[in-house]
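Engineer: So here's run-v5.txt (compact mmCIF, C-alpha atoms).
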```txt
# COMPACT_ATOMS: atom_id res chain seq x y z
CA MET A 1 83.92 27.38 -75.72
CA LEU A 2 81.74 25.36 -73.42
CA ASP A 3 79.08 27.08 -71.33
CA ILE A 4 80.42 27.51 -67.78
CA LYS A 5 76.87 26.97 -66.50
CA LEU A 6 76.89 23.50 -68.06
CA LEU A 7 80.09 22.64 -66.20
CA ARG A 8 78.60 23.88 -62.91
CA GLU A 9 75.27 22.09 -63.30
CA ARG A 10 76.35 18.87 -65.04
CA PRO A 11 80.06 18.33 -64.38
CA ASP A 12 79.83 14.53 -64.58
CA PHE A 13 78.10 14.69 -67.96
CA VAL A 14 80.75 17.06 -69.32
CA LYS A 15 83.54 14.82 -68.03
CA GLU A 16 81.92 11.72 -69.54
CA ARG A 17 81.56 13.31 -72.98
CA LEU A 18 85.09 14.72 -72.94
CA ALA A 19 86.49 11.36 -71.84
CA THR A 20 85.22 9.83 -75.10
CA ARG A 21 87.78 11.96 -76.95
CA LEU A 22 90.55 10.04 -75.13
CA ALA A 23 92.69 13.20 -74.84
CA GLY A 24 92.57 13.70 -71.08
CA ASP A 25 90.62 16.96 -71.27
CA ASP A 26 88.03 15.67 -68.79
CA ALA A 27 90.60 16.24 -66.02
CA LYS A 28 90.46 19.97 -66.72
CA VAL A 29 86.80 20.23 -65.69
CA SER A 30 87.61 20.02 -61.99
CA GLU A 31 90.36 22.61 -62.40
CA VAL A 32 87.99 25.01 -64.15
CA LEU A 33 85.33 24.53 -61.46
CA ALA A 34 87.88 25.09 -58.69
CA LEU A 35 88.84 28.42 -60.25
CA ASP A 36 85.18 29.23 -60.79
CA ASP A 37 84.46 28.55 -57.09
CA ARG A 38 87.31 30.86 -56.07
CA ARG A 39 85.91 33.58 -58.32
CA ARG A 40 82.36 33.19 -57.00
CA THR A 41 83.56 33.14 -53.38
CA ALA A 42 85.52 36.34 -53.93
CA LEU A 43 82.56 37.97 -55.67
CA ALA A 44 80.27 37.02 -52.78
CA GLU A 45 82.69 38.62 -50.32
CA VAL A 46 82.82 41.76 -52.49
CA GLU A 47 79.04 42.02 -52.42
CA GLN A 48 78.99 41.62 -48.63
CA LEU A 49 81.68 44.28 -48.24
CA LYS A 50 79.84 46.68 -50.52
CA ALA A 51 76.67 46.19 -48.49
CA ARG A 52 78.64 46.81 -45.27
CA ARG A 53 80.25 49.92 -46.78
CA ASN A 54 76.84 51.29 -47.78
CA ALA A 55 75.52 50.68 -44.27
CA VAL A 56 78.55 52.37 -42.68
CA SER A 57 78.18 55.32 -45.02
CA LYS A 58 74.63 55.82 -43.78
CA GLU A 59 75.88 55.59 -40.20
CA ILE A 60 78.48 58.29 -40.94
CA GLY A 61 75.76 60.58 -42.20
CA ALA A 62 73.73 60.04 -39.04
CA LEU A 63 76.75 60.60 -36.79
CA MET A 64 77.68 63.78 -38.61
CA GLY A 65 74.14 65.00 -38.16
CA GLN A 66 74.47 64.34 -34.43
CA LYS A 67 77.84 66.22 -34.32
CA LYS A 68 79.61 62.99 -33.27
CA THR A 69 82.69 63.83 -35.34
CA GLU A 70 85.11 61.44 -33.64
CA GLU A 71 82.85 58.43 -34.13
CA ALA A 72 82.15 59.52 -37.72
CA GLU A 73 85.88 59.65 -38.47
CA ALA A 74 86.31 56.12 -37.10
CA LYS A 75 83.56 54.93 -39.43
CA LYS A 76 85.26 56.71 -42.35
CA ALA A 77 88.46 54.81 -41.56
CA GLU A 78 86.43 51.59 -41.63
CA THR A 79 85.03 52.43 -45.09
CA ARG A 80 88.57 53.04 -46.36
CA THR A 81 89.66 49.65 -45.04
CA ILE A 82 86.63 48.05 -46.69
CA GLY A 83 87.43 49.85 -49.95
CA ASP A 84 91.00 48.58 -49.89
CA ARG A 85 89.77 45.03 -49.37
CA ILE A 86 87.28 45.40 -52.23
CA SER A 87 90.09 46.57 -54.53
CA GLU A 88 92.20 43.56 -53.53
CA LEU A 89 89.32 41.18 -54.18
CA ASP A 90 88.53 42.82 -57.54
CA LYS A 91 92.08 42.03 -58.62
CA VAL A 92 91.70 38.46 -57.39
CA VAL A 93 88.42 38.08 -59.28
CA ALA A 94 89.99 39.43 -62.50
CA GLU A 95 93.03 37.17 -62.22
CA VAL A 96 91.07 34.04 -61.34
CA GLU A 97 88.48 34.72 -64.05
CA ALA A 98 91.23 35.17 -66.65
CA GLY A 99 92.81 31.89 -65.54
CA ARG A 100 89.48 30.09 -65.58
CA ASP A 101 88.59 31.33 -69.06
CA ALA A 102 92.06 30.59 -70.43
CA LEU A 103 91.79 27.01 -69.20
CA LEU A 104 88.21 26.72 -70.44
CA ALA A 105 89.42 27.80 -73.89
CA THR A 106 91.71 24.76 -74.06
CA ILE A 107 88.83 22.31 -73.54
CA PRO A 108 87.38 20.96 -76.82
CA ASN A 109 83.73 20.70 -77.73
CA LEU A 110 81.59 17.84 -76.47
CA PRO A 111 80.95 15.09 -79.05
CA HIS A 112 77.29 14.77 -80.04
CA ALA A 113 75.52 11.68 -78.73
CA SER A 114 75.29 10.22 -82.25
CA VAL A 115 79.08 10.23 -82.73
CA ALA A 116 80.63 6.75 -82.67
CA LEU A 117 83.04 5.94 -79.85
CA GLY A 118 86.56 5.32 -81.10
CA LYS A 119 90.25 5.99 -80.77
CA ASP A 120 91.40 7.08 -84.23
CA ALA A 121 90.64 7.02 -87.97
CA ALA A 122 90.51 3.22 -87.98
CA ASP A 123 87.33 3.46 -85.89
CA ASN A 124 85.49 5.89 -88.19
CA PRO A 125 82.28 4.27 -89.52
CA GLU A 126 81.57 4.48 -93.24
CA VAL A 127 78.25 6.20 -93.93
CA ARG A 128 77.92 5.68 -97.68
CA VAL A 129 79.88 5.16 -100.91
CA HIS A 130 79.22 6.81 -104.26
CA GLY A 131 80.19 5.28 -107.59
CA ALA A 132 82.91 2.75 -108.29
CA LYS A 133 86.67 2.95 -108.58
CA ALA A 134 87.88 3.81 -112.07
CA ASP A 135 88.69 0.75 -114.17
CA PHE A 136 91.67 1.28 -116.47
CA GLY A 137 92.91 -0.88 -119.30
CA PHE A 138 96.40 0.32 -118.43
CA LYS A 139 98.44 1.07 -115.33
CA PRO A 140 97.35 4.54 -114.13
CA LEU A 141 100.03 7.12 -113.43
CA SER A 142 100.31 9.06 -110.21
CA HIS A 143 99.49 12.75 -110.24
CA VAL A 144 103.20 13.52 -109.88
CA ASP A 145 104.00 11.76 -113.16
CA LEU A 146 100.97 13.27 -114.88
CA CYS A 147 101.80 16.78 -113.68
CA GLU A 148 105.39 16.48 -114.86
CA LYS A 149 104.56 14.92 -118.24
CA LEU A 150 101.77 17.41 -118.98
CA LYS A 151 103.61 20.32 -117.32
CA LEU A 152 100.69 21.01 -114.96
CA VAL A 153 102.79 21.66 -111.86
CA ASP A 154 106.48 22.52 -111.58
CA PHE A 155 107.38 20.95 -108.24
CA ALA A 156 111.08 21.80 -108.40
CA ARG A 157 110.60 25.49 -109.12
CA GLY A 158 107.81 25.76 -106.54
CA ALA A 159 110.28 24.48 -103.95
CA LYS A 160 112.96 26.84 -105.31
CA LEU A 161 110.64 29.80 -104.80
CA SER A 162 109.31 29.01 -101.31
CA GLY A 163 110.70 25.73 -100.04
CA SER A 164 109.15 22.26 -99.77
CA GLY A 165 105.39 22.12 -99.51
CA PHE A 166 104.69 24.88 -102.04
CA LEU A 167 103.45 24.44 -105.62
CA LEU A 168 103.93 26.29 -108.90
CA TYR A 169 101.00 25.59 -111.20
CA THR A 170 101.79 26.10 -114.87
CA GLY A 171 99.94 26.08 -118.18
CA TRP A 172 96.98 23.74 -118.19
CA GLY A 173 97.53 23.07 -114.50
CA ALA A 174 97.06 26.74 -113.59
CA ARG A 175 94.01 26.92 -115.83
CA LEU A 176 92.50 23.77 -114.30
CA GLU A 177 93.01 25.09 -110.76
CA ARG A 178 91.31 28.38 -111.67
CA ALA A 179 88.49 26.52 -113.45
CA LEU A 180 87.84 24.33 -110.42
CA ILE A 181 87.64 27.35 -108.10
CA ASN A 182 85.17 29.16 -110.37
CA PHE A 183 83.13 25.99 -110.89
CA LEU A 184 82.83 25.45 -107.12
CA LEU A 185 81.83 29.06 -106.42
CA ASP A 186 79.24 29.06 -109.21
CA LEU A 187 77.76 25.74 -108.08
CA HIS A 188 77.32 26.78 -104.46
CA THR A 189 75.97 30.25 -105.24
CA THR A 190 73.59 29.38 -108.09
CA GLU A 191 72.38 25.92 -107.05
CA HIS A 192 72.90 25.66 -103.28
CA GLY A 193 71.89 29.15 -102.18
CA TYR A 194 75.12 30.41 -100.59
CA ARG A 195 76.13 34.07 -100.67
CA GLU A 196 79.65 34.62 -101.96
CA VAL A 197 82.09 36.67 -99.89
CA ALA A 198 85.77 37.41 -100.47
CA PRO A 199 87.49 37.67 -97.08
CA PRO A 200 90.93 39.05 -96.17
CA TYR A 201 93.69 36.45 -96.27
CA ILE A 202 95.24 37.85 -93.10
CA VAL A 203 93.19 37.76 -89.89
CA GLY A 204 93.50 38.97 -86.32
CA GLU A 205 94.30 36.66 -83.43
CA HIS A 206 90.73 37.13 -82.14
CA CYS A 207 89.35 35.47 -85.30
CA MET A 208 91.62 32.45 -84.81
CA TYR A 209 90.48 32.23 -81.21
CA GLY A 210 86.83 32.58 -82.24
CA VAL A 211 86.82 29.45 -84.42
CA GLY A 212 88.94 27.44 -81.99
CA GLN A 213 92.20 27.47 -83.99
CA PHE A 214 93.84 29.17 -81.01
CA PRO A 215 95.23 28.39 -78.55
CA LYS A 216 95.24 24.70 -79.55
CA PHE A 217 96.85 25.02 -83.00
CA LYS A 218 98.96 28.14 -82.64
CA ASP A 219 102.09 26.17 -83.50
CA GLN A 220 100.62 25.36 -86.94
CA ALA A 221 99.91 28.96 -87.96
CA TYR A 222 101.93 31.47 -89.98
CA ALA A 223 102.29 34.65 -87.92
CA VAL A 224 102.74 37.98 -89.73
CA GLN A 225 105.09 40.84 -88.90
CA GLU A 226 104.56 44.32 -90.36
CA GLY A 227 107.84 45.32 -91.97
CA LEU A 228 110.63 45.61 -89.42
CA ASP A 229 108.32 46.27 -86.47
CA ALA A 230 108.86 43.20 -84.29
CA SER A 231 106.14 44.35 -81.87
CA THR A 232 103.50 43.52 -84.51
CA MET A 233 104.50 39.85 -84.73
CA GLY A 234 101.62 37.58 -83.78
CA LYS A 235 98.86 40.17 -83.99
CA LEU A 236 97.92 38.99 -87.48
CA TYR A 237 98.05 35.55 -89.10
CA LEU A 238 97.78 34.06 -92.59
CA LEU A 239 94.47 32.24 -92.59
CA PRO A 240 94.57 28.43 -92.32
CA THR A 241 91.10 28.26 -93.88
CA ALA A 242 88.43 30.78 -94.90
CA GLU A 243 86.46 29.55 -91.90
CA ALA A 244 88.56 31.84 -89.70
CA PRO A 245 87.38 35.15 -91.22
CA VAL A 246 83.99 34.08 -92.61
CA ALA A 247 82.61 32.46 -89.44
CA ASN A 248 83.65 35.64 -87.59
CA ILE A 249 81.85 38.07 -89.94
CA HIS A 250 79.04 38.58 -87.40
CA ARG A 251 81.13 38.25 -84.23
CA GLU A 252 79.90 40.39 -81.32
CA GLU A 253 76.62 41.02 -83.16
CA ILE A 254 73.03 40.17 -82.29
CA LEU A 255 71.18 38.96 -85.38
CA GLY A 256 67.44 38.77 -85.81
CA ALA A 257 65.96 35.27 -85.84
CA ALA A 258 64.54 36.00 -89.31
CA GLN A 259 68.08 36.46 -90.64
CA LEU A 260 68.92 32.80 -90.02
CA PRO A 261 70.09 30.71 -91.70
CA VAL A 262 73.05 32.73 -92.94
CA CYS A 263 74.96 30.82 -95.63
CA TYR A 264 78.32 32.02 -96.97
CA VAL A 265 80.73 30.59 -99.52
CA ALA A 266 84.26 31.89 -99.94
CA TYR A 267 87.39 31.06 -101.88
CA SER A 268 90.78 31.53 -100.27
CA PRO A 269 94.27 30.16 -100.32
CA CYS A 270 95.01 28.34 -97.05
CA PHE A 271 98.32 28.49 -95.22
CA ARG A 272 99.38 25.84 -92.70
CA ALA A 273 102.81 25.57 -91.16
CA GLU A 274 101.98 22.11 -89.75
CA ALA A 275 105.11 22.07 -87.61
CA GLY A 276 106.36 18.54 -87.16
CA ALA A 277 103.83 17.07 -89.61
CA ALA A 278 104.98 14.05 -91.58
CA GLY A 279 104.90 13.93 -95.37
CA LEU A 280 105.79 17.50 -96.28
CA GLY A 281 109.22 16.46 -97.50
CA THR A 282 107.76 14.12 -100.14
CA ARG A 283 107.04 15.09 -103.74
CA GLY A 284 103.48 15.73 -104.77
CA MET A 285 100.34 17.62 -103.80
CA ILE A 286 98.88 15.54 -100.97
CA ARG A 287 100.24 17.61 -98.08
CA VAL A 288 101.39 21.18 -98.74
CA HIS A 289 101.82 24.43 -96.84
CA GLN A 290 99.60 26.43 -99.23
CA PHE A 291 96.51 25.19 -101.04
CA ASP A 292 93.25 26.58 -102.42
CA LYS A 293 89.87 25.87 -100.90
CA VAL A 294 86.25 26.90 -101.27
CA GLU A 295 84.68 27.04 -97.82
CA LEU A 296 81.01 26.79 -96.81
CA ILE A 297 79.78 28.43 -93.59
CA LYS A 298 76.31 28.32 -92.06
CA LEU A 299 74.85 30.15 -89.04
CA VAL A 300 71.64 28.36 -88.06
CA THR A 301 69.24 27.90 -85.17
CA PRO A 302 70.07 25.03 -82.77
CA GLU A 303 66.81 23.32 -83.71
CA THR A 304 67.94 22.96 -87.34
CA GLY A 305 71.67 22.43 -86.75
CA TYR A 306 71.88 18.76 -87.66
CA GLU A 307 69.42 18.96 -90.52
CA GLU A 308 71.57 21.74 -91.97
CA LEU A 309 74.70 19.63 -91.46
CA GLU A 310 73.26 16.88 -93.66
CA LYS A 311 72.47 19.49 -96.34
CA LEU A 312 76.00 20.85 -96.09
CA VAL A 313 77.47 17.39 -96.66
CA GLY A 314 75.17 16.95 -99.65
CA ASN A 315 76.36 20.24 -101.13
CA ALA A 316 79.98 19.09 -100.91
CA GLU A 317 79.13 15.64 -102.32
CA LYS A 318 77.48 17.25 -105.35
CA VAL A 319 80.88 18.57 -106.42
CA LEU A 320 82.35 15.08 -106.67
CA GLN A 321 79.25 13.65 -108.31
CA LEU A 322 79.34 16.26 -111.07
CA LEU A 323 83.04 15.63 -111.65
CA GLY A 324 82.51 11.88 -111.98
CA LEU A 325 84.63 10.93 -108.98
CA HIS A 326 84.28 7.91 -106.70
CA TYR A 327 84.12 8.79 -103.02
CA ARG A 328 82.98 7.71 -99.60
CA VAL A 329 81.51 9.58 -96.63
CA ILE A 330 82.71 8.68 -93.15
CA SER A 331 81.60 9.88 -89.74
CA LEU A 332 84.51 10.78 -87.47
CA CYS A 333 84.61 8.92 -84.18
CA THR A 334 85.10 10.66 -80.83
CA GLY A 335 88.87 10.19 -80.81
CA ASP A 336 89.38 11.54 -84.34
CA MET A 337 87.17 14.65 -84.24
CA GLY A 338 88.38 18.22 -84.58
CA PHE A 339 88.78 20.44 -81.53
CA ALA A 340 85.72 22.67 -82.05
CA SER A 341 83.40 20.11 -83.63
CA ALA A 342 80.45 18.32 -82.05
CA LYS A 343 79.99 16.10 -85.12
CA THR A 344 81.99 15.78 -88.34
CA TYR A 345 81.62 13.99 -91.65
CA ASP A 346 84.66 13.58 -93.89
CA ILE A 347 84.32 13.07 -97.62
CA GLU A 348 87.18 11.08 -99.11
CA VAL A 349 87.70 10.89 -102.85
CA TRP A 350 89.41 7.93 -104.53
CA ALA A 351 92.75 8.71 -106.20
CA PRO A 352 93.68 5.78 -108.48
CA GLY A 353 97.32 6.78 -108.86
CA GLN A 354 97.69 6.79 -105.08
CA GLY A 355 95.62 3.67 -104.58
CA SER A 356 93.96 5.40 -101.63
CA TYR A 357 91.21 7.75 -100.53
CA LEU A 358 92.03 11.42 -99.95
CA GLU A 359 90.05 13.72 -97.70
CA VAL A 360 88.70 16.64 -99.75
CA SER A 361 85.97 17.86 -97.43
CA SER A 362 85.34 17.94 -93.71
CA CYS A 363 81.85 19.11 -92.70
CA SER A 364 81.16 19.92 -89.06
CA ASN A 365 78.51 21.24 -86.74
CA CYS A 366 80.30 23.10 -83.94
CA GLU A 367 76.95 23.83 -82.27
CA ASP A 368 77.31 26.97 -80.09
CA TYR A 369 80.98 26.33 -79.24
CA GLN A 370 82.33 28.93 -81.69
CA SER A 371 79.48 31.43 -81.33
CA ARG A 372 80.18 31.63 -77.58
CA ARG A 373 83.87 32.28 -78.24
CA MET A 374 83.03 35.14 -80.62
CA ASN A 375 79.94 36.34 -78.70
CA LEU A 376 77.66 35.96 -81.73
CA ARG A 377 73.98 35.75 -80.81
CA TYR A 378 70.51 36.01 -82.30
CA LYS A 379 67.32 37.34 -80.74
CA ILE A 380 64.16 35.20 -80.59
CA GLU A 381 60.57 36.47 -80.44
CA THR A 382 60.55 36.60 -76.63
CA GLY A 383 63.50 38.99 -76.71
CA GLU A 384 65.94 36.40 -75.36
CA ASN A 385 69.39 36.24 -76.95
CA ARG A 386 70.68 32.81 -77.95
CA PHE A 387 73.83 31.43 -79.51
CA PRO A 388 73.40 29.96 -83.01
CA HIS A 389 74.99 26.78 -84.26
CA ILE A 390 77.92 27.41 -86.61
CA LEU A 391 78.62 24.88 -89.36
CA ASN A 392 81.62 24.72 -91.65
CA GLY A 393 82.56 22.52 -94.58
CA SER A 394 84.98 22.34 -97.46
CA GLY A 395 83.16 22.70 -100.71
CA THR A 396 85.77 21.44 -101.58
CA ALA A 397 89.53 21.61 -100.94
CA LEU A 398 92.20 21.58 -103.57
CA ALA A 399 94.90 20.35 -104.34
CA ARG A 400 93.57 16.88 -103.47
CA LEU A 401 90.54 17.39 -105.71
CA PHE A 402 92.99 18.27 -108.49
CA VAL A 403 94.92 15.04 -107.76
CA ALA A 404 91.81 12.84 -107.85
CA LEU A 405 90.51 14.48 -111.02
CA VAL A 406 93.66 14.10 -113.13
CA GLU A 407 94.32 10.58 -111.85
CA THR A 408 90.72 9.43 -112.38
CA HIS A 409 90.25 10.93 -115.85
CA GLN A 410 93.66 10.12 -117.35
CA GLN A 411 93.51 8.40 -120.71
CA ALA A 412 95.62 5.67 -122.33
CA ASP A 413 97.20 8.21 -124.71
CA GLY A 414 98.47 10.28 -121.78
CA SER A 415 95.83 13.02 -122.00
CA VAL A 416 93.34 13.94 -119.25
CA LEU A 417 89.63 14.03 -120.08
CA ILE A 418 87.83 17.07 -118.64
CA PRO A 419 84.45 16.35 -116.96
CA GLU A 420 81.64 18.03 -118.86
CA PRO A 421 80.68 20.59 -116.15
CA LEU A 422 84.26 21.95 -116.24
CA ARG A 423 84.53 22.29 -120.01
CA PRO A 424 82.93 25.75 -120.27
CA TYR A 425 85.53 27.02 -117.77
CA LEU A 426 88.50 25.50 -119.58
CA ARG A 427 87.04 25.83 -123.07
CA ALA A 428 88.37 22.37 -123.81
CA ASP A 429 87.30 18.77 -123.40
CA ARG A 430 90.73 17.43 -122.49
CA ILE A 431 94.23 18.37 -121.46
CA PRO A 432 96.32 17.18 -124.42
CA ALA A 433 99.21 14.76 -124.01
```
Could you show the structure in this file as structure tokens?

Structural biologist:
Amino acid sequence: MLDIKLLRERPDFVKERLATRLAGDDAKVSEVLALDDRRRTALAEVEQLKARRNAVSKEIGALMGQKKTEEAEAKKAETRTIGDRISELDKVVAEVEAGRDALLATIPNLPHASVALGKDAADNPEVRVHGAKADFGFKPLSHVDLCEKLKLVDFARGAKLSGSGFLLYTGWGARLERALINFLLDLHTTEHGYREVAPPYIVGEHCMYGVGQFPKFKDQAYAVQEGLDASTMGKLYLLPTAEAPVANIHREEILGAAQLPVCYVAYSPCFRAEAGAAGLGTRGMIRVHQFDKVELIKLVTPETGYEELEKLVGNAEKVLQLLGLHYRVISLCTGDMGFASAKTYDIEVWAPGQGSYLEVSSCSNCEDYQSRRMNLRYKIETGENRFPHILNGSGTALARLFVALVETHQQADGSVLIPEPLRPYLRADRIPA
């Protein structure tokens, strides 16, 4: 979340940056500050009352020493009245503070100064393009046709098992999915210096809050209930991305400055209810409720945050380069950025059968927005505790990578050529027709 001190000291700056998101969150700043003023006023009164109570207590001692019992009893009654008022104010402080912090938690991060102003995806500037679109001597098939002809994915039975938006990989399709996951993990651990972790696939509500998924996106999460115990519903959630557990690994810890940067890579399935989202009723793999992803997480010093973001994007790009895929990198404008992000790059891979680009990676620097929410700090040489920048990126997401790969490398005879880096994992150079 945002630093309350920043709102107090530079409210106009905060409002101006939030206004660029075009979501109306800048109006909340005044509400937060009004609650903060009420809290600080109540706290000031509490301090005055405590000082008065201490002074009266000393007076009682003096009066008792002088055998002035009646006057001492009157002073005791005054201290009880003061104590009652302090208790009342303590409750007010707690309630107002809870309200202030709950409202503060609904305010998104401030866009970095380098982020382009814009309303939506149409305003996202293109940063660079890699390679060229595949040139076929025949009309390329969509991934749906390829998957059905080559029996890579059984869409009908996946829907029969779990409903629309769920996939059943079969045969070569299941092998290709597994190969891609292992290839991504090996690449990021052996060449890019990330440490592999395998997180739980169910996380506590506090982890979702820590990365900014809650309260904003609670309606898109799958809540878990333990057996028939309805009281457990909503305490645990299926993870929407490995970012939720992995970014929280060091929550409520104080790391040493020498420990940074911390770089983690993790595979996980991702579960997203996406209530009300369009496209889930259509056939295919573009938008689904469950998909695999390899996630990259970095904890870094604020001084290196944006340098590390560029490296993170490069790590994700390397995946597509090695797989021989055409892609572009775009920088999200202020109106299209994620809730917790200060700056985001999206990597979109070209899918010939779709005739469009598909997002396969989103790489963000959330600055200290998430570390404040999870109370993760690091200690510098002076002994001061600071909040690190937290970065996250897809390295990359499937099933869209799967879609782009089979559509790009399809052959005239109906087979799919396997990119050379994947061949050791599949032990084949093509998926036969």

Engineer: Just want the 9 Å neighbourhood of range 37-44 of chain A, counted on only C-alpha atoms, with same-chain residues fewer than 6 positions away dropped. Output as a list in words.

Structural biologist: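 Listing them by chain and then by number gives Leu89, Asp90, Val92, Val93, Ala94, Glu95, Val96, Glu97 and Arg100 of chain A.
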
Engineer: Using CA of Glu205 in chain A and CA of Arg8 in chain A as the two end points, give the distance in Å to one decimal.

Structural biologist: 28.8 Å

Engineer: Would you mind telling me which residue in A:Leu391, A:Leu325, A:Ala340, A:Ala102 lies nearest to Lys133 in chain A when using all atoms listed in the file?

Structural biologist: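 When distances to Lys133 in chain A are compared using all atoms listed in the file, the smallest one comes from A:Leu325.
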
Engineer: Considering all atoms listed in the file, state which residue in the set A:Asp346, A:Asp219, A:Asp336, A:Glu295 is at the smallest distance from Glu243 in chain A.

Structural biologist: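 Closest to Glu243 in chain A, using all atoms listed in the file: A:Glu295.
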
Engineer: Applying 10 Å and only C-alpha atoms, which residues near Tyr209 in chain A remain after dropping the ones on its own chain fewer than 2 positions away? List them as an mmCIF file with C-alpha atoms, keeping the file's coordinate frame.

Structural biologist:
```
data_model
loop_
_atom_site.group_PDB
_atom_site.id
_atom_site.type_symbol
_atom_site.label_atom_id
_atom_site.label_comp_id
_atom_site.auth_asym_id
_atom_site.auth_seq_id
_atom_site.Cartn_x
_atom_site.Cartn_y
_atom_site.Cartn_z
ATOM 1 C CA MET A 1 83.920 27.380 -75.720
ATOM 2 C CA ALA A 105 89.420 27.800 -73.890
ATOM 3 C CA GLY A 204 93.500 38.970 -86.320
ATOM 4 C CA GLU A 205 94.300 36.660 -83.430
ATOM 5 C CA HIS A 206 90.730 37.130 -82.140
ATOM 6 C CA CYS A 207 89.350 35.470 -85.300
ATOM 7 C CA VAL A 211 86.820 29.450 -84.420
ATOM 8 C CA GLY A 212 88.940 27.440 -81.990
ATOM 9 C CA GLN A 213 92.200 27.470 -83.990
ATOM 10 C CA PHE A 214 93.840 29.170 -81.010
ATOM 11 C CA PRO A 215 95.230 28.390 -78.550
ATOM 12 C CA LYS A 216 95.240 24.700 -79.550
ATOM 13 C CA PHE A 217 96.850 25.020 -83.000
ATOM 14 C CA LYS A 218 98.960 28.140 -82.640
ATOM 15 C CA ALA A 244 88.560 31.840 -89.700
ATOM 16 C CA ASN A 248 83.650 35.640 -87.590
ATOM 17 C CA GLN A 370 82.330 28.930 -81.690
ATOM 18 C CA ARG A 373 83.870 32.280 -78.240
ATOM 19 C CA MET A 374 83.030 35.140 -80.620
#
```

Engineer: Please compute the CA of Ala134 in chain A-CA of Leu180 in chain A distance, one decimal, in Å.

Structural biologist: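 Value for the CA of Ala134 in chain A-CA of Leu180 in chain A distance: 20.6 Å.
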
Engineer: Put the listed atoms of range 337-344 of chain A in a box along x, y and z with 6 Å added on every side and give me the centre and edge lengths in Å to one decimal, as JSON.

Structural biologist:
```
{"center_x": 84.4, "center_y": 18.7, "center_z": -84.9, "size_x": 20.8, "size_y": 20.0, "size_z": 18.8}
```
